[in-house]
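To start, the structure itself, in structure tokens.
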Amino acid sequence: MKTIAVLTGGGDCPGLNAVIRGVVRSAVGTHGWRVIGIEDGFDGLLSGIKTRELDLKAVRGILQLGGTILGTSNHGNPLHYPVMEDGEVHWMDVSSQVVEHFNSIGADALIAVGGDGTLKIAQRLYELGMNVVGIPKTIDNDLKATDVTFGYNTAVGVVTEALDRLHTTAESHHRVMVVEVMGRDAGWIALESGISGGADVILLPEIPFSIEKVCAAIRRRRERGGRFSIVVVAEGASALDGEQVVQESANNRRGGVDRLGGIGEQVAGQITQCLDMEVRTVVLGHLQRGGTPSPFDRILGTRFGVKAVDLIADGDFGKMVALRGRSVVSTTLAEAVGSLNLVPAHGEMVQAAEKLGIMLGR
Ligand code: F6P
């Protein structure tokens with residue numbers, strides 16, 4: 001009988017529990033293996049060993065739950081870990097300690113579920129001889145090796161619903177509503193939810209915007225009788241060089257919180273200055289990744305979990321599961337990490353948005 005372990009790392013995302021359930025039902029139910037859950041991502045193999053038994057009972061009723069029953073953490077990266085020496089903090093690669101702790105729990109293989117950061121760690125552990133399989137996760141949909149990540153569909157649904165709600169209040173008050181959404185350096189959430197939610201302006205990290213042109217577009221719309229406008233701004237968007245609205249450091253803009261005046265507020269401030277209209281800002285922040293996963297994300301997460309167990313059964317390590325077209329396939333972790341899937345600035349979807357009359361800031 002094999003023993004396998006599973007952990008969820010990085011920011012949480014809808015569908016993680018579907019993955020855990022898929023892993024356990026396939027590994028325990030079909031193969032008769034034992035599954036150990038590692039708590040709080042790689043932190044559960046670093047600051048002490050935190051594990052729990054995952055049997056069929058442990059995953060009952062979790063399919064529809066957001067978050068992750070195992071907990072997660074986006075600090076405690078073993079590739080860059082703070083170690084105190086002589087009263088000073090040194091940033092060190094402590095991966096070998098993770099391998100040691102992992103070996104001590106007696107598991108034959110690890111399934112690491114996470115985004116780019118988690119998958120990089122998984123690749124390093126594989127290089128150190130650990131039997132690792134990766135599962136991609138992020139609401140940002142910014143991983144190149146898979147057509148889509150689970151969590152993304154739910155996030156687009158949440159933003160679309162928010163835009164529907166904001167339309168009615170914007171229209172009633174004849175306001176400009178600036179809605180800041182997540183996505184880190186990728187504009188997928190902004191673009192797709194902007195299209196599905198009927199936005200008038202969408203600003204993406206991949207297309208530096210001109211605030212003057214944004215104001216001109218809203219003015220034109222007003223002259224044609226549109227007394228309100230919805231502006232969707234990706235958290236990673238920035239203005240063209242030389243224009244006043246510029247982005248600060250990546251850390252300042254992540255997650256839409258814990259920072260002063262994110263890009264949404266800055267854009268709203270500029271629109272207030274150039275147009276005689278009331279402007280309001282909404283930062284959707286972590287609402288986009290909390291709560292119930294959509295059916296699509298439950299299904300994709302489940303299929304990823306089952307496929308990861310298949311790879312372990314075949315002894316096929318150093319791999320990541322991925323969706324290509326309609327099929328779940330595998331690719332190497334090495335190929336999967338490091339290259340981001342950004343919105344093509346002149347791609348079909350951007351062009352379709354522009355043909356619809358949506359202003360993309362250029
Ligand atoms: O990568 C997912 C994501 O939700 C990004 O869209 C966002 O920038 C970031 O994580 C926020 O992370 P946290 O607030 O957990 O640090």
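Simple scheme: letters A, B, ... for chains in structure tokens order, numbers from 1 for residues in each chain, numbers from 1 for ligands in the order shown.
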
Practice item. For Val267 of chain A, please output as number ranges by chain all residues within 12 Å (counting only C-alpha atoms; exclusion window: fewer than 4 positions along the same chain). Key: A: 176-180, 201-203, 209-212, 214-215, 231-235, 237-239, 243-247, 261-263, 271-274, 279-282, 361

Go through chain A and flag each residue having an atom no more than 10 Å from ligand 1; for those, report the closest pair of atoms plus their distance in Å to one decimal, using only C-alpha atoms and all ligand atoms, ordered by chain and rising number, as JSON lines.
{"residue": "A:Gly10", "atom": "CA", "partner": "ligand 1", "partner_atom_place_in_ligand_line": "15 (O)", "distance": 7.3}
{"residue": "A:Gly11", "atom": "CA", "partner": "ligand 1", "partner_atom_place_in_ligand_line": "15 (O)", "distance": 4.7}
{"residue": "A:Asp12", "atom": "CA", "partner": "ligand 1", "partner_atom_place_in_ligand_line": "15 (O)", "distance": 7.4}
{"residue": "A:Cys13", "atom": "CA", "partner": "ligand 1", "partner_atom_place_in_ligand_line": "2 (C)", "distance": 7.7}
{"residue": "A:Thr72", "atom": "CA", "partner": "ligand 1", "partner_atom_place_in_ligand_line": "15 (O)", "distance": 9.8}
{"residue": "A:Ser73", "atom": "CA", "partner": "ligand 1", "partner_atom_place_in_ligand_line": "15 (O)", "distance": 8.2}
{"residue": "A:Asn74", "atom": "CA", "partner": "ligand 1", "partner_atom_place_in_ligand_line": "15 (O)", "distance": 6.7}
{"residue": "A:His75", "atom": "CA", "partner": "ligand 1", "partner_atom_place_in_ligand_line": "16 (O)", "distance": 8.9}
{"residue": "A:Gly114", "atom": "CA", "partner": "ligand 1", "partner_atom_place_in_ligand_line": "1 (O)", "distance": 9.7}
{"residue": "A:Gly115", "atom": "CA", "partner": "ligand 1", "partner_atom_place_in_ligand_line": "1 (O)", "distance": 7.3}
{"residue": "A:Asp116", "atom": "CA", "partner": "ligand 1", "partner_atom_place_in_ligand_line": "1 (O)", "distance": 8.9}
{"residue": "A:Gly117", "atom": "CA", "partner": "ligand 1", "partner_atom_place_in_ligand_line": "1 (O)", "distance": 9.7}
{"residue": "A:Lys137", "atom": "CA", "partner": "ligand 1", "partner_atom_place_in_ligand_line": "1 (O)", "distance": 8.9}
{"residue": "A:Thr138", "atom": "CA", "partner": "ligand 1", "partner_atom_place_in_ligand_line": "2 (C)", "distance": 5.7}
{"residue": "A:Ile139", "atom": "CA", "partner": "ligand 1", "partner_atom_place_in_ligand_line": "2 (C)", "distance": 5.7}
{"residue": "A:Asp140", "atom": "CA", "partner": "ligand 1", "partner_atom_place_in_ligand_line": "6 (O)", "distance": 5.4}
{"residue": "A:Asn141", "atom": "CA", "partner": "ligand 1", "partner_atom_place_in_ligand_line": "1 (O)", "distance": 8.7}
{"residue": "A:Asp142", "atom": "CA", "partner": "ligand 1", "partner_atom_place_in_ligand_line": "1 (O)", "distance": 8.6}
{"residue": "A:Gly151", "atom": "CA", "partner": "ligand 1", "partner_atom_place_in_ligand_line": "2 (C)", "distance": 9.6}
{"residue": "A:Tyr152", "atom": "CA", "partner": "ligand 1", "partner_atom_place_in_ligand_line": "2 (C)", "distance": 9.6}
{"residue": "A:Ala155", "atom": "CA", "partner": "ligand 1", "partner_atom_place_in_ligand_line": "4 (O)", "distance": 9.5}
{"residue": "A:Val181", "atom": "CA", "partner": "ligand 1", "partner_atom_place_in_ligand_line": "6 (O)", "distance": 7.8}
{"residue": "A:Met182", "atom": "CA", "partner": "ligand 1", "partner_atom_place_in_ligand_line": "6 (O)", "distance": 4.1}
{"residue": "A:Gly183", "atom": "CA", "partner": "ligand 1", "partner_atom_place_in_ligand_line": "6 (O)", "distance": 3.9}
{"residue": "A:Arg184", "atom": "CA", "partner": "ligand 1", "partner_atom_place_in_ligand_line": "8 (O)", "distance": 4.3}
{"residue": "A:Asp185", "atom": "CA", "partner": "ligand 1", "partner_atom_place_in_ligand_line": "8 (O)", "distance": 8.1}
{"residue": "A:Ala186", "atom": "CA", "partner": "ligand 1", "partner_atom_place_in_ligand_line": "6 (O)", "distance": 8.6}
{"residue": "A:Gly187", "atom": "CA", "partner": "ligand 1", "partner_atom_place_in_ligand_line": "6 (O)", "distance": 9.8}
{"residue": "A:Ile189", "atom": "CA", "partner": "ligand 1", "partner_atom_place_in_ligand_line": "6 (O)", "distance": 8.9}
{"residue": "A:Ala234", "atom": "CA", "partner": "ligand 1", "partner_atom_place_in_ligand_line": "6 (O)", "distance": 9.3}
{"residue": "A:Glu235", "atom": "CA", "partner": "ligand 1", "partner_atom_place_in_ligand_line": "8 (O)", "distance": 7.2}
{"residue": "A:Gly236", "atom": "CA", "partner": "ligand 1", "partner_atom_place_in_ligand_line": "8 (O)", "distance": 8.2}
{"residue": "A:Ala250", "atom": "CA", "partner": "ligand 1", "partner_atom_place_in_ligand_line": "8 (O)", "distance": 8.5}
{"residue": "A:Asn251", "atom": "CA", "partner": "ligand 1", "partner_atom_place_in_ligand_line": "8 (O)", "distance": 8.5}
{"residue": "A:Asn252", "atom": "CA", "partner": "ligand 1", "partner_atom_place_in_ligand_line": "8 (O)", "distance": 9.6}
{"residue": "A:Arg253", "atom": "CA", "partner": "ligand 1", "partner_atom_place_in_ligand_line": "8 (O)", "distance": 7.1}
{"residue": "A:Arg254", "atom": "CA", "partner": "ligand 1", "partner_atom_place_in_ligand_line": "8 (O)", "distance": 3.8}
{"residue": "A:Gly255", "atom": "CA", "partner": "ligand 1", "partner_atom_place_in_ligand_line": "11 (C)", "distance": 3.7}
{"residue": "A:Gly256", "atom": "CA", "partner": "ligand 1", "partner_atom_place_in_ligand_line": "8 (O)", "distance": 7.2}
{"residue": "A:Val257", "atom": "CA", "partner": "ligand 1", "partner_atom_place_in_ligand_line": "14 (O)", "distance": 7.3}
{"residue": "A:Asp258", "atom": "CA", "partner": "ligand 1", "partner_atom_place_in_ligand_line": "14 (O)", "distance": 8.6}
{"residue": "A:Gly285", "atom": "CA", "partner": "ligand 1", "partner_atom_place_in_ligand_line": "4 (O)", "distance": 7.7}
{"residue": "A:His286", "atom": "CA", "partner": "ligand 1", "partner_atom_place_in_ligand_line": "4 (O)", "distance": 6.7}
{"residue": "A:Leu287", "atom": "CA", "partner": "ligand 1", "partner_atom_place_in_ligand_line": "4 (O)", "distance": 9.5}
{"residue": "A:Gln288", "atom": "CA", "partner": "ligand 1", "partner_atom_place_in_ligand_line": "4 (O)", "distance": 7.7}
{"residue": "A:Arg289", "atom": "CA", "partner": "ligand 1", "partner_atom_place_in_ligand_line": "4 (O)", "distance": 6.6}
{"residue": "A:Gly290", "atom": "CA", "partner": "ligand 1", "partner_atom_place_in_ligand_line": "4 (O)", "distance": 9.7}

Could you turn the residues from that selection into a file that holds N, CA and C atoms, as a CSV table (one decimal), in the first residue's frame?
chain,number,residue,atom,x,y,z
A,10,GLY,N,0.3,28.8,-1.4
A,10,GLY,CA,0.0,30.1,-2.0
A,10,GLY,C,-1.4,30.5,-1.6
A,11,GLY,N,-1.9,31.5,-2.3
A,11,GLY,CA,-3.2,32.1,-2.0
A,11,GLY,C,-4.3,31.0,-2.2
A,12,ASP,N,-5.4,31.0,-1.4
A,12,ASP,CA,-6.4,30.0,-1.6
A,12,ASP,C,-7.2,30.4,-2.9
A,13,CYS,N,-8.0,29.4,-3.3
A,13,CYS,CA,-8.8,29.6,-4.5
A,13,CYS,C,-9.9,28.6,-4.6
A,72,THR,N,-3.5,27.1,4.1
A,72,THR,CA,-2.4,27.4,3.1
A,72,THR,C,-1.6,28.6,3.7
A,73,SER,N,-0.6,28.9,3.0
A,73,SER,CA,0.2,30.0,3.4
A,73,SER,C,1.0,30.6,2.2
A,74,ASN,N,1.1,31.9,2.1
A,74,ASN,CA,2.0,32.4,1.0
A,74,ASN,C,3.2,33.1,1.6
A,75,HIS,N,3.6,32.7,2.8
A,75,HIS,CA,4.9,33.0,3.3
A,75,HIS,C,5.6,31.7,3.6
A,114,GLY,N,-0.8,24.4,-6.3
A,114,GLY,CA,-0.5,25.8,-6.0
A,114,GLY,C,-0.2,26.5,-7.3
A,115,GLY,N,0.2,27.8,-7.2
A,115,GLY,CA,0.5,28.7,-8.3
A,115,GLY,C,1.9,28.6,-8.7
A,116,ASP,N,2.4,29.6,-9.4
A,116,ASP,CA,3.8,29.6,-9.9
A,116,ASP,C,4.8,29.4,-8.8
A,117,GLY,N,4.6,30.0,-7.6
A,117,GLY,CA,5.6,29.9,-6.5
A,117,GLY,C,5.6,28.5,-6.0
A,137,LYS,N,-3.0,26.0,-9.7
A,137,LYS,CA,-4.1,26.6,-9.1
A,137,LYS,C,-3.9,28.1,-9.1
A,138,THR,N,-4.8,28.9,-9.5
A,138,THR,CA,-4.8,30.4,-9.3
A,138,THR,C,-6.1,31.0,-9.9
A,139,ILE,N,-6.6,32.0,-9.2
A,139,ILE,CA,-7.7,32.7,-9.9
A,139,ILE,C,-7.3,33.6,-11.0
A,140,ASP,N,-5.9,33.8,-11.1
A,140,ASP,CA,-5.4,34.8,-12.1
A,140,ASP,C,-5.4,34.2,-13.5
A,141,ASN,N,-5.4,32.9,-13.6
A,141,ASN,CA,-5.3,32.2,-14.9
A,141,ASN,C,-4.0,32.5,-15.6
A,142,ASP,N,-2.9,32.7,-14.9
A,142,ASP,CA,-1.7,33.3,-15.5
A,142,ASP,C,-0.6,32.2,-15.7
A,151,GLY,N,-10.5,27.9,-10.3
A,151,GLY,CA,-10.6,29.1,-9.5
A,151,GLY,C,-10.9,30.3,-10.3
A,152,TYR,N,-10.4,30.3,-11.6
A,152,TYR,CA,-10.5,31.5,-12.4
A,152,TYR,C,-12.0,31.7,-12.8
A,155,ALA,N,-13.9,33.2,-10.1
A,155,ALA,CA,-13.6,34.6,-9.9
A,155,ALA,C,-14.3,35.5,-11.0
A,181,VAL,N,-10.1,45.0,-9.9
A,181,VAL,CA,-10.1,43.5,-9.8
A,181,VAL,C,-8.7,42.9,-9.7
A,182,MET,N,-8.7,41.7,-9.2
A,182,MET,CA,-7.4,41.0,-9.0
A,182,MET,C,-6.8,40.5,-10.4
A,183,GLY,N,-5.7,39.8,-10.3
A,183,GLY,CA,-5.1,39.2,-11.5
A,183,GLY,C,-3.6,39.3,-11.5
A,184,ARG,N,-3.1,40.0,-10.5
A,184,ARG,CA,-1.6,40.2,-10.4
A,184,ARG,C,-1.1,40.9,-11.7
A,185,ASP,N,-0.2,40.3,-12.5
A,185,ASP,CA,0.3,40.9,-13.7
A,185,ASP,C,-0.5,40.5,-15.0
A,186,ALA,N,-1.6,39.7,-14.8
A,186,ALA,CA,-2.3,39.3,-15.9
A,186,ALA,C,-3.7,39.9,-15.9
A,187,GLY,N,-4.3,40.2,-17.1
A,187,GLY,CA,-5.5,41.0,-17.1
A,187,GLY,C,-6.7,40.1,-17.5
A,189,ILE,N,-8.9,38.3,-15.6
A,189,ILE,CA,-10.1,38.5,-14.9
A,189,ILE,C,-10.8,39.7,-15.3
A,234,ALA,N,-7.7,46.3,-13.9
A,234,ALA,CA,-7.0,45.2,-13.3
A,234,ALA,C,-6.0,45.8,-12.3
A,235,GLU,N,-5.7,45.1,-11.2
A,235,GLU,CA,-4.8,45.6,-10.2
A,235,GLU,C,-3.4,45.9,-10.7
A,236,GLY,N,-3.0,45.2,-11.8
A,236,GLY,CA,-1.7,45.4,-12.3
A,236,GLY,C,-1.6,46.4,-13.5
A,250,ALA,N,4.9,46.1,-7.1
A,250,ALA,CA,4.0,45.0,-7.2
A,250,ALA,C,3.4,44.8,-5.8
A,251,ASN,N,4.2,44.8,-4.7
A,251,ASN,CA,3.7,44.6,-3.4
A,251,ASN,C,2.6,45.5,-3.0
A,252,ASN,N,2.7,46.7,-3.4
A,252,ASN,CA,1.8,47.7,-3.0
A,252,ASN,C,0.4,47.5,-3.6
A,253,ARG,N,0.4,46.8,-4.7
A,253,ARG,CA,-0.9,46.7,-5.4
A,253,ARG,C,-1.6,45.3,-5.3
A,254,ARG,N,-0.9,44.4,-4.6
A,254,ARG,CA,-1.5,43.0,-4.5
A,254,ARG,C,-2.7,42.9,-3.6
A,255,GLY,N,-3.7,42.3,-4.1
A,255,GLY,CA,-4.9,41.9,-3.3
A,255,GLY,C,-5.8,43.1,-3.0
A,256,GLY,N,-5.6,44.3,-3.5
A,256,GLY,CA,-6.5,45.4,-3.3
A,256,GLY,C,-6.6,45.9,-1.9
A,257,VAL,N,-5.8,45.4,-1.0
A,257,VAL,CA,-5.8,45.9,0.4
A,257,VAL,C,-4.5,46.2,0.9
A,258,ASP,N,-4.4,46.7,2.1
A,258,ASP,CA,-3.2,46.9,2.9
A,258,ASP,C,-2.3,47.9,2.1
A,285,GLY,N,-11.3,42.9,-4.3
A,285,GLY,CA,-10.3,42.2,-3.4
A,285,GLY,C,-10.6,40.7,-3.2
A,286,HIS,N,-10.5,40.2,-2.0
A,286,HIS,CA,-10.5,38.8,-1.7
A,286,HIS,C,-11.9,38.2,-1.9
A,287,LEU,N,-12.9,39.0,-2.1
A,287,LEU,CA,-14.3,38.4,-2.4
A,287,LEU,C,-14.1,37.5,-3.7
A,288,GLN,N,-13.2,37.9,-4.5
A,288,GLN,CA,-13.0,37.2,-5.8
A,288,GLN,C,-12.5,35.8,-5.6
A,289,ARG,N,-11.9,35.5,-4.5
A,289,ARG,CA,-11.4,34.1,-4.4
A,289,ARG,C,-12.0,33.4,-3.2
A,290,GLY,N,-13.0,34.0,-2.5
A,290,GLY,CA,-13.6,33.3,-1.4
A,290,GLY,C,-14.9,32.6,-1.9

Practice item. Write out as a list in words which residues come within 12 Å of Leu56 of chain A when counting only C-alpha atoms, dropping same-chain ones fewer than 3 positions away. Key: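 So, after excluding close chain neighbours, the residues are Ile20, Arg21, Gly22, Val23, Val24, Arg25, Ser26, Ala27, Val28, Gly29, Thr30, Gly32, Trp33, Arg34, Val35, Ile36, Glu53, Val59, Arg60, Gly61 and Ile62 of chain A.
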
**Study point:** Selection near Leu300 of chain A, 9 Å with only C-alpha atoms, sequence-local residues under 6 positions removed, as a PyMOL selection string
**Key:** chain A and resi 15+18-19+149-150+323+328

Those residues you just picked out, can you put them in a file as an mmCIF file, in the first residue's frame with C-alpha atoms?
data_model
loop_
_atom_site.group_PDB
_atom_site.id
_atom_site.type_symbol
_atom_site.label_atom_id
_atom_site.label_comp_id
_atom_site.auth_asym_id
_atom_site.auth_seq_id
_atom_site.Cartn_x
_atom_site.Cartn_y
_atom_site.Cartn_z
ATOM 1 C CA GLY A 15 -11.871 24.429 -6.152
ATOM 2 C CA ALA A 18 -12.566 19.561 -4.936
ATOM 3 C CA VAL A 19 -8.926 18.674 -5.705
ATOM 4 C CA THR A 149 -6.610 27.064 -13.975
ATOM 5 C CA PHE A 150 -9.431 26.171 -11.606
ATOM 6 C CA LEU A 323 -5.967 21.146 -19.243
ATOM 7 C CA VAL A 328 -6.546 16.669 -18.783
#

Exercise for review: Excluding Ser294 of chain A and any residue of its chain fewer than 4 positions from it, enumerate the residues within 9 Å of it, using only C-alpha atoms, and give them as a list in words.
Suggested key: Pro14, Gly15, Gln64, Gly151, Asn153, Thr154, Ala155, Gly157, Arg298 and Ile299 of chain A

Keeping only N, CA, C and O atoms, write the selected residues as a short mmCIF file (atom, residue, chain, number, x, y, z; two decimals), in the first residue's frame.
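The file below, again.cif, is the result:
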data_model
loop_
_atom_site.label_atom_id
_atom_site.label_comp_id
_atom_site.auth_asym_id
_atom_site.auth_seq_id
_atom_site.Cartn_x
_atom_site.Cartn_y
_atom_site.Cartn_z
N PRO A 14 -11.05 29.02 -5.14
CA PRO A 14 -12.18 28.09 -5.17
C PRO A 14 -11.87 26.85 -6.00
O PRO A 14 -11.38 26.96 -7.12
N GLY A 15 -12.14 25.69 -5.45
CA GLY A 15 -11.87 24.43 -6.15
C GLY A 15 -10.79 23.61 -5.47
O GLY A 15 -10.59 22.44 -5.81
N GLN A 64 -18.28 21.52 -2.23
CA GLN A 64 -18.86 22.84 -2.50
C GLN A 64 -18.26 23.95 -1.64
O GLN A 64 -18.66 25.10 -1.74
N GLY A 151 -10.54 27.90 -10.33
CA GLY A 151 -10.61 29.10 -9.49
C GLY A 151 -10.91 30.33 -10.34
O GLY A 151 -11.63 31.24 -9.93
N ASN A 153 -12.66 30.56 -13.19
CA ASN A 153 -14.05 30.64 -13.63
C ASN A 153 -14.94 31.23 -12.52
O ASN A 153 -15.81 32.05 -12.77
N THR A 154 -14.67 30.79 -11.27
CA THR A 154 -15.46 31.32 -10.15
C THR A 154 -15.21 32.81 -9.99
O THR A 154 -16.14 33.60 -9.80
N ALA A 155 -13.94 33.21 -10.08
CA ALA A 155 -13.59 34.63 -9.89
C ALA A 155 -14.28 35.49 -10.95
O ALA A 155 -14.84 36.55 -10.64
N GLY A 157 -17.00 34.81 -12.44
CA GLY A 157 -18.42 34.82 -12.08
C GLY A 157 -18.72 35.84 -10.98
O GLY A 157 -19.71 36.58 -11.06
N ARG A 298 -15.25 23.03 -9.86
CA ARG A 298 -15.35 21.77 -9.09
C ARG A 298 -14.94 20.60 -9.98
O ARG A 298 -14.24 19.68 -9.56
N ILE A 299 -15.42 20.65 -11.23
CA ILE A 299 -15.14 19.53 -12.14
C ILE A 299 -13.65 19.51 -12.50
O ILE A 299 -12.99 18.47 -12.43
#

Exercise for review: Name all residues at most 9 Å from segment 84-96 of chain A (count only C-alpha atoms; drop same-chain ones fewer than 2 positions away) and give them as a PyMOL selection string.
Suggested key: chain A and resi 46+77-82+98-101+121+124-125+128

Could you turn the residues from that selection into a file that holds C-alpha atoms, as a PDB file, in the first residue's frame?
ATOM      1  CA  LEU A  46       9.094  23.641   7.793  1.00  0.00           C
ATOM      2  CA  ASN A  77       8.961  29.810   0.839  1.00  0.00           C
ATOM      3  CA  PRO A  78      11.683  27.168   1.426  1.00  0.00           C
ATOM      4  CA  LEU A  79      13.652  28.538  -1.539  1.00  0.00           C
ATOM      5  CA  HIS A  80      13.933  31.888   0.228  1.00  0.00           C
ATOM      6  CA  TYR A  81      13.465  31.283   3.927  1.00  0.00           C
ATOM      7  CA  PRO A  82      14.420  33.649   6.765  1.00  0.00           C
ATOM      8  CA  VAL A  98      11.639  20.039   3.585  1.00  0.00           C
ATOM      9  CA  VAL A  99      12.858  16.788   2.015  1.00  0.00           C
ATOM     10  CA  GLU A 100      14.060  15.572   5.422  1.00  0.00           C
ATOM     11  CA  HIS A 101      10.744  16.418   7.113  1.00  0.00           C
ATOM     12  CA  ILE A 121       9.251  24.772  -5.027  1.00  0.00           C
ATOM     13  CA  ARG A 124      13.208  22.104  -6.759  1.00  0.00           C
ATOM     14  CA  LEU A 125      12.089  19.251  -4.484  1.00  0.00           C
ATOM     15  CA  LEU A 128      16.426  16.927  -4.871  1.00  0.00           C
TER      16      LEU A 128
END

**Study point:** DSSP-assigned alpha helix (DSSP H) among segment 107-252 of chain A, expressed as a ChimeraX atom specification
**Key:** /A:116-127,152-173,188-196,211-223,250-252

**Study point:** One-decimal distance in Å that lies between atom CA of Gln351 of chain A and atom CA of Gly269 of chain A
**Key:**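 Result for atom CA of Gly269 of chain A versus atom CA of Gln351 of chain A: 27.9 Å, one decimal.
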
Point to revise | For Gly225 of chain A, the nearest of the candidates A:Glu171, A:Asp43, A:Glu278, A:Asp314, counting only C-alpha atoms | key: A:Glu171

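Across the model, the gap from atom CA of Asp164 of chain A to atom CA of Ala190 of chain A is 14.2 Å.
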
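Non-sequential neighbours of Leu311 of chain A (distance at most 12 Å, separation of 4 or more positions within a chain, only C-alpha atoms) are A:Ile4, A:Val23, A:Ser26, A:Ala27, A:Ala109, A:Leu110, A:Ile111, A:Asn131, A:Val132, A:Val133, A:Gly134, A:Ile135, A:Phe304, A:Gly305, A:Val306, A:Lys307, A:Gly315, A:Asp316, A:Phe317, A:Gly318, A:Lys319, A:Met320, A:Val321, A:Val328, A:Val329, A:Ser330, A:Thr331, A:Thr332.
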
Kindly export the residues of the current selection with C-alpha atoms, as a tab-separated table (two decimals), in the first residue's frame.
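Result written to again-v5.tsv:
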chain	number	residue	atom	x	y	z
A	4	ILE	CA	0.88	9.81	-0.47
A	23	VAL	CA	-7.16	12.92	-4.66
A	26	SER	CA	-9.19	8.12	-6.08
A	27	ALA	CA	-6.17	7.23	-3.92
A	109	ALA	CA	5.00	10.91	-3.02
A	110	LEU	CA	3.73	14.46	-2.67
A	111	ILE	CA	0.99	16.27	-4.59
A	131	ASN	CA	8.58	12.11	-5.84
A	132	VAL	CA	6.48	15.16	-6.62
A	133	VAL	CA	3.48	15.89	-8.83
A	134	GLY	CA	2.07	19.41	-9.24
A	135	ILE	CA	-1.47	20.70	-9.71
A	304	PHE	CA	-6.85	17.38	-11.75
A	305	GLY	CA	-6.88	15.52	-8.42
A	306	VAL	CA	-7.68	12.19	-10.07
A	307	LYS	CA	-5.05	12.72	-12.79
A	315	GLY	CA	5.54	6.49	-11.15
A	316	ASP	CA	5.50	9.53	-13.45
A	317	PHE	CA	7.05	12.22	-11.23
A	318	GLY	CA	8.26	15.78	-11.84
A	319	LYS	CA	5.03	16.38	-13.74
A	320	MET	CA	2.16	18.83	-13.51
A	321	VAL	CA	-1.39	18.14	-14.60
A	328	VAL	CA	-6.55	16.67	-18.78
A	329	VAL	CA	-2.93	15.85	-19.66
A	330	SER	CA	0.46	16.11	-17.98
A	331	THR	CA	3.45	18.30	-18.66
A	332	THR	CA	6.80	18.62	-16.90

Review point. Could you work out how far atom CA of Leu70 of chain A lies from atom CA of Thr160 of chain A, giving the answer in Å with one decimal?
Key: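 Those two atoms sit 28.8 Å apart.
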
Practice item. Please identify which residues in segment 41-209 of chain A DSSP calls strand (DSSP E or B) from the backbone, and express them as a ChimeraX atom specification. Key: /A:51-53,81-85,88-92,109-114,132-137,143,150,176-181,201-203,209

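Each of A:Leu45, A:Met359, A:Val148, A:Ile69 was checked against Arg221 of chain A using only C-alpha atoms; the smallest atom-to-atom distance is that of A:Met359.
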